[in-house]
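Asker: To start, I am sharing the structure in question, which I have written as structure tokens.
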Amino acid sequence: MRQFKSALLLVVAGALVLTLAACGKSSTKQSSSTKNQTLNLSTTAPLDTIDISKSSGYGQTGNVFESFYRLGRKGKPTAGLAKSSHVSKDGKTWTFTLRNAKWSNGDKITAQDFVYSWRRTLNPKTKSTYAYLFSGIKNADAVNAGKKSPNSVGISAPDSKTVVIKLNKPIAYFKVLMSYPLFGPQNQKVVDKYGKKYGTKSQYMVYSGPFKIQNWNGTGNKWQFVKNNQYWDKKVVKLQKINYTVVGSPTTGLELYQQGKLDLTPLSNQQIKNYQNSSQFKQYPYSFVGYLQYNFKDSNRIKREAFNNKNIRLAMSLAIDRSVLTKKVMGNGSNTPKGFVASGLANDPKTGEDFAKQQYVKGTVDYNTKLAKQYWEKGLKQIGQKKLTVSIMGANDSSDDPATSAITQYLKAQYAKVLPGFDLQIRNIPSQNAQQNALKGDFDIYLSGWGGDFNDPITFLQIPQTNTSYNYGKYSNAKYDALIKRAQNQDANNADKRWQDLVQAIRLFNSDQGMTPLYQQVTSYLQRSSLKDVIHNTAGTQWSYKYAYKK
């Protein structure tokens with residue numbers, strides 16, 4: 001779950017260096033001495049928590065906590081705490097054999113640590129924001145809803161090295177899911193020892209990943225990751241320390257970079273223009289797609305009829321010149337999407353073709369003013385109107401946040417230019433208020449967005465299903481729901497059939513323009529040429545420094 005929070009953070013500063021995470025296989029050519037293996041990075045804000053059960057994101061903590069697997073290059077699961085795994089023929093039972101691994105305090109990591117962690121996360125008293133990712137694991141939903149005991153979750157430890165997981169149904173992306181720190185172990189002895197203090201400071205925690213945290217107190221603007229010498233694969237970890245500093249703006253970040261105090265810094269729109277020809281200029285795509293959500297249950301009858309009219313939705317999509325939006329209005333390197341699902345997220349198991357390419361439906365996200373006007377006139381006639389006035393709600397974290405304003409202003413001007421009689425009124429409000437309004441359905445159009453949790457199309461396709469929590473506009477299509485249900489149930493254990501179900505579903509949704517995609521985020525950085533073997537993924541835990549080193 002990575003929702004649209006602040007347009008400045010997500011569009012201008014992107015994932016920033018705050019989102020450091022999982023890792024994978026890489027070159028073993030590192031040969032630098034340990035003396036200079038210190039990395040200096042920036043972040044937009046202090047870490048909110050280092051408790052994996054309570055986290056609202058696994059950016060930085062992906063480098064200090066590990067699950068059965070870790071993410072390698074291109075989102076592929078690679079070696080983690082599991083030495084081996086086996087899945088039953090029906091796809092509903094997974095058995096993991098753990099390697100000899102230790103916590104940062106020297107305790108052995110055991111199968112029971114996984115069992116305890118899962119039960120703790122799913123206990124409704126914990127209030128985990130990511131508990132929904134356990135859905136499909138036996139009794140997980142019932143436990144999280146308070147209807148069953150945490151002890152009934154489908155995970156067990158027959159012995160200290162074996163973890164057995166029972167699923168309600170096959171989960172095609174289960175192996176990728178098990179790379180998420182959320183599903184990693186927790187040391188009950190440490191949780192019990194610190195009680196309410198657990199995870200509130202770096203010393204009230206033990207770590208299972210390649211690094212451990214130092215000097216973090218929950219609010220400070222500086223802390224460090226240091227090499228975890230108890231880590232099972234410590235021999236490949238070359239960095240001795242990663243220094244983090246909270247940096248308030250790309251301008252300050254660039255100054256620190258130029259002074260040699262940062263090794264990687266995100267760039268603003270103007271900075272990109274100045275540095276795009278530099279040998280140190282790097283772009284990292286992310287599976288975040290910004291889009292428009294329409295309120296299909298709008299309290300105003302005319303607006304409700306308008307949003308429920310497919311011709312009007314298509315007109316609104318075709319009136320947008322996404323090339324101008326991404327290249328000129330946003331100007332940060334973001335891409336124009338082929339549809340609702342991000343590119344670079346998942347590939348056809350048979351042909352290797354990007355799902356994003358297969359989702360494309362001509363005449364849905366193209367810029368076509370002639371066709372847009374035809375759909376618009378037809379739609380207005382169908383709802384008995386000659387003009388339409390609606391508002392767009394955007395989330396701003398502060399009054400000086402330019403990105404949301406730039407996008408909404410562009411849409412207002414473009415719709416007035418292309419669609420006669422269309423008045424789009426702008427309503428930019430603080431992120432927290434926007435989120436509350438979205439949950440209540442208090443909006444006409446919501447400038448929203450989503451970033452993939454893992455490398456499978458379902459991380460996006462679950463959103464438009466009827467009555468899901470992030471389907472704020474209450475879009476509903478029975479045929480779409482049926483295709484997703486088939487992919488997740490009867491075809492779940494057949495990779496090719498499941499893939500075709502998902503392709504059919506997304507093409508239906510894109511044809512319907514149930515939500516209208518605007519851009520896919522790409523963040524631009526300056527990165528020291530001496531920094532090698534950084535791994536970046538487009539979904540979930542994005543960054544890995546396990547194999548990184550300075551030459």
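Each chain in the structure tokens gets a letter, A, B, ..., in the order shown, and its residues are numbered from 1; ligands are numbered from 1 in order too.
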Can you tell me, as a VMD selection string, what residues are no more than 10 Å from A:Gln112 when counting only C-alpha atoms, ignoring any on the same chain fewer than 2 positions away?
Answerer: chain A and resid 109 to 110 114 to 118 155 to 163 185 to 188
Asker: What parts of stretch 66-165 of chain A does DSSP call helix (DSSP H, G or I)? I'd like the answer as a PyMOL selection string.
Answerer: chain A and resi 73-75+111-122+124-126+131-134+140-144+150-152
Asker: Based on DSSP run over this structure's backbone, return all residues of stretch 169-235 of chain A in strand (DSSP E), as a ChimeraX atom specification.
Answerer: /A:211-214,222-227
Asker: Selected residues, C-alpha atoms, written as a CSV table (one decimal), in the first residue's frame, please.
Answerer:
```csv
chain,number,residue,atom,x,y,z
A,211,PHE,CA,22.6,-3.9,8.9
A,212,LYS,CA,21.4,-2.8,12.3
A,213,ILE,CA,20.3,0.7,13.4
A,214,GLN,CA,22.3,3.0,15.7
A,222,LYS,CA,20.4,11.8,12.1
A,223,TRP,CA,21.0,8.1,12.6
A,224,GLN,CA,23.1,5.3,11.2
A,225,PHE,CA,22.9,1.8,9.8
A,226,VAL,CA,26.0,-0.2,10.7
A,227,LYS,CA,27.1,-3.6,9.4
```
Asker: Between atom CA of A:Lys74 and atom CA of A:Thr97, what is the distance, to one decimal in Å?
Answerer: 24.9 Å
Asker: Compile a residue-level contact table for stretch 324-431 of chain A against stretch 444-464 of chain A at a cut-off of 6 Å, reporting for every qualifying residue the shortest atom pair and its distance in Å to one decimal, with only C-alpha atoms counted, rows ordered by chain and ascending number, as a Markdown table.
Answerer:
```
| residue | atom | partner | partner_atom | distance |
| --- | --- | --- | --- | --- |
| A:Leu345 | CA | A:Asn455 | CA | 5.2 |
| A:Ala346 | CA | A:Asp456 | CA | 5.5 |
| A:Ser391 | CA | A:Asp444 | CA | 5.6 |
| A:Ile392 | CA | A:Ile445 | CA | 4.6 |
| A:Met393 | CA | A:Tyr446 | CA | 4.8 |
| A:Gly394 | CA | A:Leu447 | CA | 5.2 |
```
Asker: Env of A:Ser88: 12 Å cut, atoms = only C-alpha atoms, seq-sep filter 5 positions within chain, self excluded. Answer as a list in words.
Answerer: Thr93, Trp94, Thr95, Phe96, Val164, Ile165, Lys166, Leu167, Lys169, Pro170 and Asn493 of chain A
Asker: Each residue of stretch 240-299 of chain A with at least one atom at most 12 Å from stretch 399-419 of chain A should appear once, together with its nearest atom pair and the corresponding distance in Å (one decimal); atoms considered: only C-alpha atoms; ordering: chain, then increasing residue number; output as a Markdown table.
Answerer:
```
| residue | atom | partner | partner_atom | distance |
| --- | --- | --- | --- | --- |
| A:Ser249 | CA | A:Asp401 | CA | 11.0 |
| A:Ser268 | CA | A:Ala403 | CA | 10.5 |
| A:Asn269 | CA | A:Ala403 | CA | 9.9 |
| A:Gly290 | CA | A:Ile407 | CA | 10.3 |
| A:Tyr291 | CA | A:Ile407 | CA | 10.8 |
| A:Leu292 | CA | A:Thr408 | CA | 10.6 |
```
Asker: Output N, CA and C atoms for every residue in the selection just made, as a short mmCIF file (atom, residue, chain, number, x, y, z; two decimals), in the first residue's frame.
Answerer:
```cif
data_model
loop_
_atom_site.label_atom_id
_atom_site.label_comp_id
_atom_site.auth_asym_id
_atom_site.auth_seq_id
_atom_site.Cartn_x
_atom_site.Cartn_y
_atom_site.Cartn_z
N SER A 249 14.70 19.73 1.54
CA SER A 249 14.37 20.07 0.16
C SER A 249 15.46 19.60 -0.78
N SER A 268 15.00 18.10 -8.08
CA SER A 268 13.73 18.75 -8.41
C SER A 268 13.65 18.94 -9.93
N ASN A 269 12.51 19.42 -10.39
CA ASN A 269 12.29 19.63 -11.83
C ASN A 269 13.38 20.50 -12.47
N GLY A 290 -0.08 7.79 -10.74
CA GLY A 290 -1.04 8.78 -10.30
C GLY A 290 -2.27 8.72 -11.21
N TYR A 291 -3.46 8.81 -10.64
CA TYR A 291 -4.68 8.66 -11.44
C TYR A 291 -5.84 9.43 -10.83
N LEU A 292 -6.91 9.55 -11.60
CA LEU A 292 -8.13 10.20 -11.16
C LEU A 292 -9.14 9.14 -10.71
#
```
Asker: Which is closest to A:Val289 among A:Leu483, A:Val190, A:Ala539, A:Ile429, if we use only C-alpha atoms?
Answerer: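 Comparing A:Leu483, A:Val190, A:Ala539, A:Ile429 against A:Val289, the winner is A:Ala539.
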Asker: Name the residues in contact with A:Ala548 at a cut-off of 6 Å, using only C-alpha atoms, excluding same-chain residues fewer than 6 positions from it; report them as a list in words.
Answerer: Lys532, Asp533 and Val534 of chain A
Asker: Can you tell me which residues surround A:Arg70 at a distance of at most 12 Å, considering only C-alpha atoms, apart from same-chain residues fewer than 4 positions away, and format the answer as number ranges by chain?
Answerer: A: 21-25, 62-66, 74-82, 175-184, 208-210, 454, 535, 537, 540-546
Asker: Can you spit out the residues from that selection as a CSV table (one decimal), in the first residue's frame, using C-alpha atoms?
Answerer:
```
chain,number,residue,atom,x,y,z
A,21,ALA,CA,15.3,-1.7,1.1
A,22,ALA,CA,15.5,-5.2,0.0
A,23,CYS,CA,18.3,-6.8,-1.8
A,24,GLY,CA,19.5,-9.6,-4.0
A,25,LYS,CA,22.2,-11.3,-6.0
A,62,GLY,CA,14.2,-3.6,4.4
A,63,ASN,CA,18.0,-3.3,4.9
A,64,VAL,CA,17.8,-4.3,8.6
A,65,PHE,CA,15.1,-6.9,8.7
A,66,GLU,CA,15.0,-10.1,6.5
A,74,LYS,CA,14.1,-6.9,-11.2
A,75,GLY,CA,12.0,-7.8,-8.2
A,76,LYS,CA,13.1,-11.5,-8.2
A,77,PRO,CA,13.2,-13.3,-4.8
A,78,THR,CA,16.7,-14.4,-3.8
A,79,ALA,CA,18.3,-16.0,-0.7
A,80,GLY,CA,17.1,-14.8,2.7
A,81,LEU,CA,16.6,-16.6,6.0
A,82,ALA,CA,15.2,-19.7,4.2
A,175,LYS,CA,7.3,-16.3,-3.1
A,176,VAL,CA,7.6,-12.5,-3.9
A,177,LEU,CA,5.4,-11.7,-0.9
A,178,MET,CA,7.7,-13.7,1.4
A,179,SER,CA,10.5,-11.3,0.4
A,180,TYR,CA,8.7,-8.5,2.3
A,181,PRO,CA,10.1,-7.6,5.8
A,182,LEU,CA,6.5,-7.7,7.1
A,183,PHE,CA,6.6,-11.5,6.9
A,184,GLY,CA,10.0,-11.8,8.7
A,208,SER,CA,18.0,-10.0,11.2
A,209,GLY,CA,19.3,-8.2,8.1
A,210,PRO,CA,22.7,-7.1,6.8
A,454,PHE,CA,5.1,-6.5,-4.9
A,535,ILE,CA,20.0,-2.4,-6.3
A,537,ASN,CA,13.3,-2.3,-7.6
A,540,GLY,CA,7.7,-2.9,-2.6
A,541,THR,CA,11.1,-2.6,-0.8
A,542,GLN,CA,12.8,-0.5,-3.5
A,543,TRP,CA,16.5,-0.1,-2.5
A,544,SER,CA,19.1,-2.6,-1.4
A,545,TYR,CA,22.6,-1.8,-0.1
A,546,LYS,CA,23.5,-5.4,0.9
```
Asker: Could you check the closest approach to A:Ala319 for each of A:Gln259, A:Gln276, A:Gln374, A:Gln358 and tell me which residue wins, using only C-alpha atoms?
Answerer: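 Among the listed residues, the smallest separation from A:Ala319 belongs to A:Gln374.
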Asker: Which residues are close to A:Val143, i.e. within 10 Å by only C-alpha atoms, leaving aside same-chain residues fewer than 5 positions away? Reply as a ChimeraX atom specification.
Answerer: /A:119,122-124,138,148-153
Asker: Can you measure atom CA of A:Ser299 to atom CA of A:Ile383 for me? One decimal in Å is fine.
Answerer: 15.8 Å
Asker: Excluding stretch 35-41 of chain A and any residue of its chain fewer than 5 positions from it, enumerate the residues within 9 Å of it, using only C-alpha atoms, and give them as a list in words.
Answerer: Val17, Leu18, Lys238, Leu239, Gln240, Lys241, Ile242, Asn243, Tyr244, Thr245, Val246, Lys261, Leu262, Asp263, Leu264, Thr265, Leu531, Tyr549, Lys550 and Lys551 of chain A
Asker: With distances taken over only C-alpha atoms, which residue among A:Ser343, A:Asn274, A:Gln382, A:Ser104 lies nearest A:Glu305?
Answerer: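 Nearest candidate to A:Glu305 out of A:Ser343, A:Asn274, A:Gln382, A:Ser104: A:Gln382.
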Asker: Identify which of the residues A:Arg498, A:Lys89, A:Arg99, A:Lys193 lies closest to A:Arg486, counting only C-alpha atoms when measuring atom-to-atom distances.
Answerer: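 Among A:Arg498, A:Lys89, A:Arg99, A:Lys193, it is A:Arg498 that comes nearest to A:Arg486.
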Asker: Pick from A:Leu267, A:Tyr367, A:Tyr173, A:Ala145: nearest to A:Thr252, with only C-alpha atoms counted?
Answerer: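 The answer is A:Leu267, which sits nearest to A:Thr252.
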